[in-house]
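First comes the structure, then the notes that go with it.
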Amino acid sequence: MMASRIQYNNPQSSEALGLPYHYEMVSDPRRVGPFKEAILRTCKGKRVLESGAGSAILSILAAKAGAKKVYAVEIDHDIARHARKNIRKSGFENIITLIVADVKSITLADIDHEKIDVVIAENLSTWQVTEPQIQIMNHISQVLAKADFIPLPQRIFNNIELGFAQYTFEGIEIRTHFFEFTGVPKCTIFSEKKLFVEIDLAQKNKTSYTQTIQLLAQKTGVINCVRLTSPLQVFEDVLFDSSDSLMPPVVVPFSSDISVEKGDRVNVMISYRQNTNWDGFSCEARVMPEQK
């Protein structure tokens, strides 16, 4: 049975990402294009490690860009077989070494005792909820990479907005988080977009948050959710926002509706751990009393 796109964005089983999902990823130019451009700018003459190589498309692009050596690390044995075939067909077997393992278990001995110049880490999910990207990058930056290494992407900007989403259909309420894929109704936005946290992937970062952020209601009405996005700085001026195959906006509900007036300050309390699932993402809000 093939998993749905929803399951890939909220995994609760050991089901691996099958070939249909990898097809979707590699055929998405909005997803591949920015990474290809960043690879072309950074990998020539460099030692490169790719975390979560999948089909090996980005590792092959790094070799084509003139990388001196590429380590393609993939934990899934099934997709690694396809990666090995792709590497062989690419003609870069002398450049690319496929390592079938968890990136967090990799040591310097696995990469020929020489640290890495460029890290490609497309282990991405909105607000890092369902992927181990931060744990992986913490390990790489502390153990495997040079002090001045280049991570691709370089930075993630976790943003938040107040919203109102439709949760009742034909008298039936389904109050749940959802992904704003193409064809899914968008929530109505009630505030400015505000930065919750900026993540520099060249540094060691937190893997859990319990934090309150204040947002200003820009109109009068009812709010019942927040809309979360994670645009990337892939490299310098090479940017990525989202696509249906990668980091769609995620709408997370409050437990109940809240009436607001334009100008109200709304405190949103967020608590979650990365590399878990959206069911464990806690989000509640309250309108702050007017200051006299």
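Please note that chains go A, B, ... in the order of the structure tokens, that every chain numbers its residues from 1, and that ligands are numbered from 1 in the order shown.
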Determine, for each residue of region 202-244 of chain A having at least one atom at most 10 Å from an atom of region 266-281 of chain A, the closest pair of atoms and their separation in Å to one decimal, counting only C-alpha atoms; order by chain and ascending number, as a tab-separated table.
```
residue	atom	partner	partner_atom	distance
A:Lys206	CA	A:Gln274	CA	9.0
A:Thr207	CA	A:Gln274	CA	5.5
A:Ser208	CA	A:Arg273	CA	4.2
A:Tyr209	CA	A:Ser271	CA	5.4
A:Thr210	CA	A:Ser271	CA	4.2
A:Gln211	CA	A:Ile270	CA	5.4
A:Thr212	CA	A:Met269	CA	4.4
A:Ile213	CA	A:Val268	CA	5.4
A:Gln214	CA	A:Asn267	CA	4.4
A:Leu215	CA	A:Val266	CA	5.2
A:Leu216	CA	A:Val266	CA	6.1
A:Ala217	CA	A:Val266	CA	7.1
A:Cys225	CA	A:Val268	CA	9.9
A:Val226	CA	A:Val268	CA	8.7
```
Take the residues from that selection and write them out as a PDB file, in the first residue's frame, keeping N, CA and C atoms.
```
ATOM      1  N   LYS A 206      18.738  24.356  18.627  1.00  0.00           N
ATOM      2  CA  LYS A 206      17.803  23.685  19.508  1.00  0.00           C
ATOM      3  C   LYS A 206      16.952  22.689  18.730  1.00  0.00           C
ATOM      4  N   THR A 207      16.463  21.658  19.417  1.00  0.00           N
ATOM      5  CA  THR A 207      15.599  20.670  18.776  1.00  0.00           C
ATOM      6  C   THR A 207      14.203  20.633  19.397  1.00  0.00           C
ATOM      7  N   SER A 208      13.927  21.537  20.333  1.00  0.00           N
ATOM      8  CA  SER A 208      12.583  21.659  20.888  1.00  0.00           C
ATOM      9  C   SER A 208      12.359  23.106  21.319  1.00  0.00           C
ATOM     10  N   TYR A 209      11.082  23.500  21.356  1.00  0.00           N
ATOM     11  CA  TYR A 209      10.739  24.877  21.708  1.00  0.00           C
ATOM     12  C   TYR A 209       9.516  24.888  22.612  1.00  0.00           C
ATOM     13  N   THR A 210       9.574  25.708  23.641  1.00  0.00           N
ATOM     14  CA  THR A 210       8.401  26.109  24.404  1.00  0.00           C
ATOM     15  C   THR A 210       8.517  27.616  24.512  1.00  0.00           C
ATOM     16  N   GLN A 211       7.695  28.308  23.754  1.00  0.00           N
ATOM     17  CA  GLN A 211       7.944  29.742  23.527  1.00  0.00           C
ATOM     18  C   GLN A 211       6.636  30.455  23.207  1.00  0.00           C
ATOM     19  N   THR A 212       6.523  31.690  23.649  1.00  0.00           N
ATOM     20  CA  THR A 212       5.349  32.515  23.356  1.00  0.00           C
ATOM     21  C   THR A 212       5.739  33.628  22.408  1.00  0.00           C
ATOM     22  N   ILE A 213       4.892  33.867  21.424  1.00  0.00           N
ATOM     23  CA  ILE A 213       5.115  34.947  20.473  1.00  0.00           C
ATOM     24  C   ILE A 213       3.849  35.795  20.408  1.00  0.00           C
ATOM     25  N   GLN A 214       4.011  37.101  20.300  1.00  0.00           N
ATOM     26  CA  GLN A 214       2.862  38.005  20.266  1.00  0.00           C
ATOM     27  C   GLN A 214       2.629  38.505  18.838  1.00  0.00           C
ATOM     28  N   LEU A 215       1.372  38.409  18.401  1.00  0.00           N
ATOM     29  CA  LEU A 215       0.977  38.844  17.069  1.00  0.00           C
ATOM     30  C   LEU A 215      -0.121  39.883  17.182  1.00  0.00           C
ATOM     31  N   LEU A 216      -0.142  40.813  16.247  1.00  0.00           N
ATOM     32  CA  LEU A 216      -1.114  41.904  16.250  1.00  0.00           C
ATOM     33  C   LEU A 216      -2.222  41.614  15.244  1.00  0.00           C
ATOM     34  N   ALA A 217      -3.472  41.568  15.742  1.00  0.00           N
ATOM     35  CA  ALA A 217      -4.609  41.365  14.847  1.00  0.00           C
ATOM     36  C   ALA A 217      -4.763  42.575  13.939  1.00  0.00           C
ATOM     37  N   CYS A 225      -6.689  29.536  14.379  1.00  0.00           N
ATOM     38  CA  CYS A 225      -5.530  28.754  13.966  1.00  0.00           C
ATOM     39  C   CYS A 225      -4.321  29.656  13.743  1.00  0.00           C
ATOM     40  N   VAL A 226      -3.180  29.029  13.549  1.00  0.00           N
ATOM     41  CA  VAL A 226      -2.004  29.731  13.034  1.00  0.00           C
ATOM     42  C   VAL A 226      -1.582  29.050  11.738  1.00  0.00           C
TER      43      VAL A 226
END
```
Self-check item: Who sits within 6 Å of region 231-247 of chain A, only C-alpha atoms, same chain under 6 positions skipped, as a ChimeraX atom specification
Solution: /A:25,38,125-126,152-157,181
DSSP-assigned helix (DSSP H, G or I) members of region 17-113 of chain A, reported as a CSV table (one decimal) with N, CA and C atoms, in the first residue's frame:
```csv
chain,number,residue,atom,x,y,z
A,19,LEU,N,9.1,4.9,-4.3
A,19,LEU,CA,9.6,5.5,-5.6
A,19,LEU,C,8.6,6.6,-6.1
A,20,PRO,N,7.2,6.4,-5.9
A,20,PRO,CA,6.3,7.4,-6.4
A,20,PRO,C,6.6,8.8,-5.7
A,21,TYR,N,6.9,8.8,-4.4
A,21,TYR,CA,7.2,10.0,-3.8
A,21,TYR,C,8.6,10.6,-4.2
A,22,HIS,N,9.6,9.7,-4.5
A,22,HIS,CA,10.8,10.2,-5.0
A,22,HIS,C,10.7,10.8,-6.4
A,23,TYR,N,9.8,10.2,-7.2
A,23,TYR,CA,9.4,10.7,-8.5
A,23,TYR,C,8.9,12.1,-8.4
A,24,GLU,N,8.0,12.3,-7.4
A,24,GLU,CA,7.4,13.6,-7.2
A,24,GLU,C,8.5,14.6,-6.8
A,25,MET,N,9.4,14.2,-6.0
A,25,MET,CA,10.5,15.1,-5.6
A,25,MET,C,11.4,15.6,-6.7
A,26,VAL,N,11.9,14.6,-7.5
A,26,VAL,CA,12.9,14.9,-8.5
A,26,VAL,C,12.2,15.6,-9.7
A,29,PRO,N,10.4,21.1,-10.4
A,29,PRO,CA,11.5,22.1,-10.6
A,29,PRO,C,11.6,23.2,-9.6
A,30,ARG,N,10.5,23.5,-8.9
A,30,ARG,CA,10.6,24.5,-7.8
A,30,ARG,C,11.4,24.0,-6.6
A,31,ARG,N,11.5,22.7,-6.5
A,31,ARG,CA,12.2,22.0,-5.4
A,31,ARG,C,13.7,21.8,-5.8
A,32,VAL,N,13.9,21.2,-7.0
A,32,VAL,CA,15.2,20.9,-7.4
A,32,VAL,C,16.0,22.1,-7.9
A,33,GLY,N,15.4,23.0,-8.6
A,33,GLY,CA,16.0,24.2,-9.2
A,33,GLY,C,16.9,25.0,-8.2
A,34,PRO,N,16.4,25.4,-7.1
A,34,PRO,CA,17.3,26.2,-6.2
A,34,PRO,C,18.5,25.4,-5.6
A,35,PHE,N,18.3,24.1,-5.4
A,35,PHE,CA,19.4,23.3,-4.9
A,35,PHE,C,20.4,23.1,-6.0
A,36,LYS,N,20.0,23.0,-7.2
A,36,LYS,CA,20.9,22.8,-8.4
A,36,LYS,C,21.7,24.1,-8.5
A,37,GLU,N,21.1,25.2,-8.4
A,37,GLU,CA,21.8,26.5,-8.6
A,37,GLU,C,22.9,26.7,-7.4
A,38,ALA,N,22.5,26.3,-6.2
A,38,ALA,CA,23.4,26.4,-5.1
A,38,ALA,C,24.5,25.5,-5.2
A,39,ILE,N,24.3,24.3,-5.7
A,39,ILE,CA,25.3,23.3,-5.9
A,39,ILE,C,26.3,23.8,-7.0
A,40,LEU,N,25.8,24.3,-8.1
A,40,LEU,CA,26.7,24.8,-9.1
A,40,LEU,C,27.6,25.9,-8.6
A,41,ARG,N,27.1,26.7,-7.6
A,41,ARG,CA,27.9,27.8,-7.1
A,41,ARG,C,29.0,27.4,-6.0
A,42,THR,N,28.8,26.2,-5.4
A,42,THR,CA,29.6,26.0,-4.2
A,42,THR,C,30.4,24.7,-4.3
A,57,ILE,N,20.0,12.3,-6.8
A,57,ILE,CA,20.0,13.3,-7.8
A,57,ILE,C,20.9,14.5,-7.5
A,58,LEU,N,20.9,14.9,-6.2
A,58,LEU,CA,21.7,16.1,-5.8
A,58,LEU,C,23.2,15.7,-5.7
A,59,SER,N,23.5,14.5,-5.3
A,59,SER,CA,24.9,14.1,-5.2
A,59,SER,C,25.5,14.0,-6.7
A,60,ILE,N,24.7,13.6,-7.6
A,60,ILE,CA,25.1,13.5,-9.0
A,60,ILE,C,25.3,14.9,-9.5
A,61,LEU,N,24.4,15.9,-9.2
A,61,LEU,CA,24.6,17.3,-9.6
A,61,LEU,C,25.8,17.8,-9.0
A,62,ALA,N,26.2,17.5,-7.8
A,62,ALA,CA,27.4,18.0,-7.1
A,62,ALA,C,28.6,17.5,-7.9
A,63,ALA,N,28.6,16.2,-8.3
A,63,ALA,CA,29.7,15.6,-9.1
A,63,ALA,C,29.8,16.3,-10.4
A,64,LYS,N,28.7,16.6,-11.1
A,64,LYS,CA,28.7,17.3,-12.4
A,64,LYS,C,29.2,18.7,-12.2
A,77,HIS,N,17.5,1.3,2.8
A,77,HIS,CA,18.2,0.3,1.9
A,77,HIS,C,17.5,0.1,0.6
A,78,ASP,N,16.2,0.2,0.5
A,78,ASP,CA,15.5,0.1,-0.7
A,78,ASP,C,15.8,1.2,-1.7
A,79,ILE,N,15.7,2.4,-1.3
A,79,ILE,CA,16.0,3.5,-2.2
A,79,ILE,C,17.4,3.6,-2.5
A,80,ALA,N,18.3,3.1,-1.5
A,80,ALA,CA,19.7,3.1,-1.8
A,80,ALA,C,20.1,2.3,-3.0
A,81,ARG,N,19.4,1.2,-3.2
A,81,ARG,CA,19.6,0.4,-4.4
A,81,ARG,C,19.4,1.2,-5.7
A,82,HIS,N,18.4,2.0,-5.7
A,82,HIS,CA,18.2,2.8,-6.9
A,82,HIS,C,19.2,3.9,-7.0
A,83,ALA,N,19.6,4.5,-5.8
A,83,ALA,CA,20.7,5.5,-5.8
A,83,ALA,C,22.0,4.9,-6.4
A,84,ARG,N,22.3,3.6,-6.0
A,84,ARG,CA,23.5,3.0,-6.5
A,84,ARG,C,23.5,2.8,-8.1
A,85,LYS,N,22.3,2.4,-8.6
A,85,LYS,CA,22.1,2.3,-10.0
A,85,LYS,C,22.3,3.7,-10.7
A,86,ASN,N,21.7,4.7,-10.1
A,86,ASN,CA,21.8,6.0,-10.7
A,86,ASN,C,23.2,6.5,-10.7
A,87,ILE,N,24.0,6.3,-9.6
A,87,ILE,CA,25.4,6.7,-9.6
A,87,ILE,C,26.2,6.0,-10.6
A,88,ARG,N,26.0,4.7,-10.8
A,88,ARG,CA,26.7,3.9,-11.8
A,88,ARG,C,26.4,4.4,-13.2
A,89,LYS,N,25.1,4.7,-13.5
A,89,LYS,CA,24.8,5.2,-14.8
A,89,LYS,C,25.3,6.6,-15.1
A,90,SER,N,25.5,7.4,-14.0
A,90,SER,CA,26.0,8.8,-14.1
A,90,SER,C,27.4,8.8,-14.6
A,103,VAL,N,22.8,9.1,9.0
A,103,VAL,CA,23.9,10.2,9.0
A,103,VAL,C,24.4,10.4,10.4
A,104,LYS,N,23.6,10.3,11.4
A,104,LYS,CA,24.0,10.6,12.8
A,104,LYS,C,25.0,9.6,13.3
A,105,SER,N,25.2,8.5,12.6
A,105,SER,CA,26.1,7.5,13.0
A,105,SER,C,27.5,7.6,12.3
A,108,LEU,N,34.3,10.4,11.1
A,108,LEU,CA,35.3,10.8,10.2
A,108,LEU,C,35.9,9.6,9.5
A,109,ALA,N,36.0,8.5,10.1
A,109,ALA,CA,36.5,7.3,9.5
A,109,ALA,C,35.7,6.9,8.2
A,110,ASP,N,34.4,7.2,8.3
A,110,ASP,CA,33.6,6.8,7.1
A,110,ASP,C,33.8,7.7,5.9
A,111,ILE,N,34.4,8.9,6.2
A,111,ILE,CA,34.6,9.8,5.1
A,111,ILE,C,36.1,10.1,4.9
```
Quiz item: Which of these residues is nearest to Arg265 (chain A), using only C-alpha atoms: A:Asp148, A:Glu192, A:Asp76, A:Glu131?
Solution: A:Glu192
